[in-house]
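Peer 1: Let me begin by handing over the structure; questions about it come next.
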Amino acid sequence: MKTNAMRMLDRDKVPYEVLEYELDKDKFSGEAVSDLLGLEYKQCYKTLALLHDHDVYICVISVADEIDLKKAAKALNVKNLEMVHVKDLLKLTGYERGSVSPVGIRKNKAICFDDEVMEHEEIEISGGAYGIGLKVKRDDLLKYLDAQVKDIVKDNEI
C-alpha cells in the first residue's frame, strides 16, 4: 500500500524505507511502535499538530520526549500554541491519530523538529497510515520539508 506521504516522497525522489508494524489502536504509543520496530526511542519521531489562532504548526519530536509549548511557540515566532484536539486532526492535517506524518500535511504555517534530531543520521516517522513507518535520512527530510530545527521539548529533570 502506498500512502500519500510515500507518493510525495517518491515524486520528489526522497529515498525512504517502509517499516510496517501491527498494534491494536487502543495500545498505540510511540514507545510501543519503537519497540515493535526495534528502534531506539530517540530515533523514532512523532508528529504533533499545534494551533495558533486558526493556523496549524507542526512540531516533530522523539517519542521519548514531551513538547514544551512555550519553547515551541518561541521557536515558531508566535505568542502561544495549543495542541490540536484529536477529533480535529483529520480535518486539519489529513491524518488520524497514530498516522500523522510531517510529509503531506494539508495546510501548515511551519514545521519544526526538535534539535535532538541532529544526533541521528536516520530517523523513523509515520508513513501516513496506521501501521506504517518510514525510515528516512534526516538531512533529506529536513531539506524536503524546509523544516526548522530548534529546542522545543521539555528539559529532562533528573
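Residue numbering restarts at 1 for every chain of the C-alpha cells, chains are lettered A, B, ... in their displayed order, and ligands are numbered from 1 as they appear.
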List the spatial neighbours of region 14-27 of chain A as a PyMOL selection string - criterion: any atom at most 9 Å away, only C-alpha atoms, same-chain residues fewer than 6 positions off excluded.
Peer 2: chain A and resi 6+8+33+36-37+98+124+127+130-137+140-141+144
Peer 1: Quick one: pick out all alpha helix (DSSP H) residues within chain A from a backbone DSSP run and write them as a PyMOL selection string.
Peer 2: chain A and resi 4-11+30-37+69-75+89-93+138-145
Peer 1: Would you export the selected residues with N, CA and C atoms as a short mmCIF file (atom, residue, chain, number, x, y, z; two decimals), in the first residue's frame, please?
Peer 2:
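Resulting contents of again.cif:
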```
data_model
loop_
_atom_site.label_atom_id
_atom_site.label_comp_id
_atom_site.auth_asym_id
_atom_site.auth_seq_id
_atom_site.Cartn_x
_atom_site.Cartn_y
_atom_site.Cartn_z
N ASN A 4 -0.14 8.63 0.85
CA ASN A 4 0.10 9.93 0.24
C ASN A 4 1.52 10.42 0.55
N ALA A 5 1.97 10.21 1.78
CA ALA A 5 3.32 10.62 2.16
C ALA A 5 4.37 9.91 1.29
N MET A 6 4.19 8.61 1.05
CA MET A 6 5.12 7.85 0.19
C MET A 6 5.09 8.38 -1.24
N ARG A 7 3.89 8.63 -1.75
CA ARG A 7 3.78 9.14 -3.13
C ARG A 7 4.50 10.47 -3.27
N MET A 8 4.36 11.33 -2.27
CA MET A 8 5.03 12.63 -2.33
C MET A 8 6.55 12.47 -2.30
N LEU A 9 7.05 11.61 -1.42
CA LEU A 9 8.50 11.38 -1.35
C LEU A 9 8.99 10.74 -2.64
N ASP A 10 8.23 9.79 -3.20
CA ASP A 10 8.60 9.17 -4.48
C ASP A 10 8.69 10.22 -5.58
N ARG A 11 7.67 11.06 -5.66
CA ARG A 11 7.60 12.09 -6.70
C ARG A 11 8.83 13.00 -6.65
N GLY A 30 4.00 5.92 20.83
CA GLY A 30 5.25 5.99 20.09
C GLY A 30 6.26 4.98 20.60
N GLU A 31 6.27 4.79 21.92
CA GLU A 31 7.21 3.84 22.51
C GLU A 31 6.88 2.41 22.06
N ALA A 32 5.59 2.08 22.00
CA ALA A 32 5.19 0.74 21.57
C ALA A 32 5.62 0.50 20.12
N VAL A 33 5.45 1.52 19.27
CA VAL A 33 5.87 1.40 17.87
C VAL A 33 7.39 1.21 17.80
N SER A 34 8.13 1.99 18.57
CA SER A 34 9.60 1.86 18.60
C SER A 34 10.01 0.45 18.99
N ASP A 35 9.36 -0.07 20.03
CA ASP A 35 9.67 -1.43 20.49
C ASP A 35 9.42 -2.44 19.39
N LEU A 36 8.28 -2.33 18.71
CA LEU A 36 7.93 -3.27 17.63
C LEU A 36 8.92 -3.18 16.46
N LEU A 37 9.40 -1.98 16.19
CA LEU A 37 10.33 -1.79 15.07
C LEU A 37 11.78 -2.06 15.47
N LEU A 69 5.33 23.70 25.03
CA LEU A 69 4.56 24.62 24.21
C LEU A 69 5.14 26.03 24.19
N LYS A 70 5.72 26.47 25.30
CA LYS A 70 6.33 27.81 25.33
C LYS A 70 7.56 27.87 24.44
N LYS A 71 8.42 26.85 24.53
CA LYS A 71 9.61 26.81 23.67
C LYS A 71 9.21 26.72 22.20
N ALA A 72 8.21 25.90 21.91
CA ALA A 72 7.77 25.72 20.52
C ALA A 72 7.20 27.02 19.97
N ALA A 73 6.40 27.72 20.76
CA ALA A 73 5.83 28.99 20.32
C ALA A 73 6.95 29.99 20.03
N LYS A 74 7.92 30.05 20.92
CA LYS A 74 9.05 30.97 20.71
C LYS A 74 9.82 30.59 19.43
N ALA A 75 10.07 29.30 19.24
CA ALA A 75 10.81 28.84 18.06
C ALA A 75 10.07 29.18 16.77
N LEU A 89 -7.99 16.42 14.19
CA LEU A 89 -6.76 16.06 13.47
C LEU A 89 -7.00 15.81 11.98
N LEU A 90 -7.95 14.95 11.67
CA LEU A 90 -8.19 14.59 10.27
C LEU A 90 -8.56 15.82 9.44
N LYS A 91 -9.43 16.64 9.97
CA LYS A 91 -9.87 17.84 9.25
C LYS A 91 -8.71 18.82 9.01
N LEU A 92 -7.84 18.98 10.01
CA LEU A 92 -6.78 19.98 9.92
C LEU A 92 -5.49 19.48 9.28
N THR A 93 -5.23 18.16 9.37
CA THR A 93 -3.95 17.65 8.85
C THR A 93 -4.11 16.66 7.71
N ARG A 138 17.83 11.94 7.84
CA ARG A 138 17.46 13.20 8.49
C ARG A 138 17.67 14.40 7.57
N ASP A 139 18.84 14.51 6.98
CA ASP A 139 19.13 15.69 6.15
C ASP A 139 18.21 15.78 4.94
N ASP A 140 17.90 14.63 4.32
CA ASP A 140 16.98 14.62 3.18
C ASP A 140 15.60 15.13 3.60
N LEU A 141 15.13 14.65 4.76
CA LEU A 141 13.80 15.03 5.22
C LEU A 141 13.73 16.50 5.61
N LEU A 142 14.72 16.97 6.36
CA LEU A 142 14.71 18.37 6.78
C LEU A 142 14.73 19.31 5.58
N LYS A 143 15.53 18.97 4.58
CA LYS A 143 15.59 19.79 3.37
C LYS A 143 14.27 19.73 2.61
N TYR A 144 13.73 18.53 2.46
CA TYR A 144 12.47 18.34 1.72
C TYR A 144 11.33 19.15 2.36
N LEU A 145 11.27 19.13 3.69
CA LEU A 145 10.19 19.81 4.40
C LEU A 145 10.48 21.28 4.66
#
```
Peer 1: Looking only at the backbone, which of the residues in region 34-130 of chain A does DSSP tag as strand (DSSP E), as a ChimeraX atom specification?
Peer 2: /A:45-52,55-62,82-83,111-114,122-129
Peer 1: Would you output that residue set with C-alpha atoms, as an mmCIF file, in the first residue's frame?
Peer 2:
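Result file follows (again-v1.cif):
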```
data_model
loop_
_atom_site.group_PDB
_atom_site.id
_atom_site.type_symbol
_atom_site.label_atom_id
_atom_site.label_comp_id
_atom_site.auth_asym_id
_atom_site.auth_seq_id
_atom_site.Cartn_x
_atom_site.Cartn_y
_atom_site.Cartn_z
ATOM 1 C CA TYR A 45 9.700 10.677 15.896
ATOM 2 C CA LYS A 46 6.104 11.691 16.495
ATOM 3 C CA THR A 47 4.394 14.490 14.618
ATOM 4 C CA LEU A 48 2.342 16.934 16.661
ATOM 5 C CA ALA A 49 -0.177 19.366 15.196
ATOM 6 C CA LEU A 50 -0.479 22.647 17.068
ATOM 7 C CA LEU A 51 -2.721 25.682 16.665
ATOM 8 C CA HIS A 52 -2.103 29.408 16.928
ATOM 9 C CA ASP A 55 -3.049 28.422 11.793
ATOM 10 C CA VAL A 56 -1.629 24.892 12.046
ATOM 11 C CA TYR A 57 2.017 24.431 13.006
ATOM 12 C CA ILE A 58 3.811 21.091 13.031
ATOM 13 C CA CYS A 59 6.370 20.009 15.625
ATOM 14 C CA VAL A 60 8.269 16.749 15.323
ATOM 15 C CA ILE A 61 9.890 15.316 18.443
ATOM 16 C CA SER A 62 11.213 11.940 19.581
ATOM 17 C CA GLU A 82 -2.146 24.639 21.790
ATOM 18 C CA MET A 83 -2.417 21.022 20.734
ATOM 19 C CA ILE A 111 7.453 22.660 10.569
ATOM 20 C CA CYS A 112 9.944 22.472 13.417
ATOM 21 C CA PHE A 113 11.956 19.446 14.532
ATOM 22 C CA ASP A 114 13.494 19.242 17.979
ATOM 23 C CA GLU A 122 18.314 8.307 10.020
ATOM 24 C CA ILE A 123 15.005 8.680 11.813
ATOM 25 C CA GLU A 124 11.627 6.964 11.742
ATOM 26 C CA ILE A 125 8.474 8.996 11.102
ATOM 27 C CA SER A 126 4.887 7.983 10.491
ATOM 28 C CA GLY A 127 4.221 6.852 6.957
ATOM 29 C CA GLY A 128 0.802 8.478 6.876
ATOM 30 C CA ALA A 129 -1.268 5.386 7.640
#
```
Peer 1: How many Å lie between CA of Asp115 (chain A) and CA of Asp146 (chain A), rounded to one decimal?
Peer 2: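 These atoms are spaced 14.5 Å apart.
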Peer 1: Nearest to Ala110 (chain A): which of A:Leu39, A:Ala64, A:Val78, A:Met1 is it, counting only C-alpha atoms?
Peer 2: A:Val78
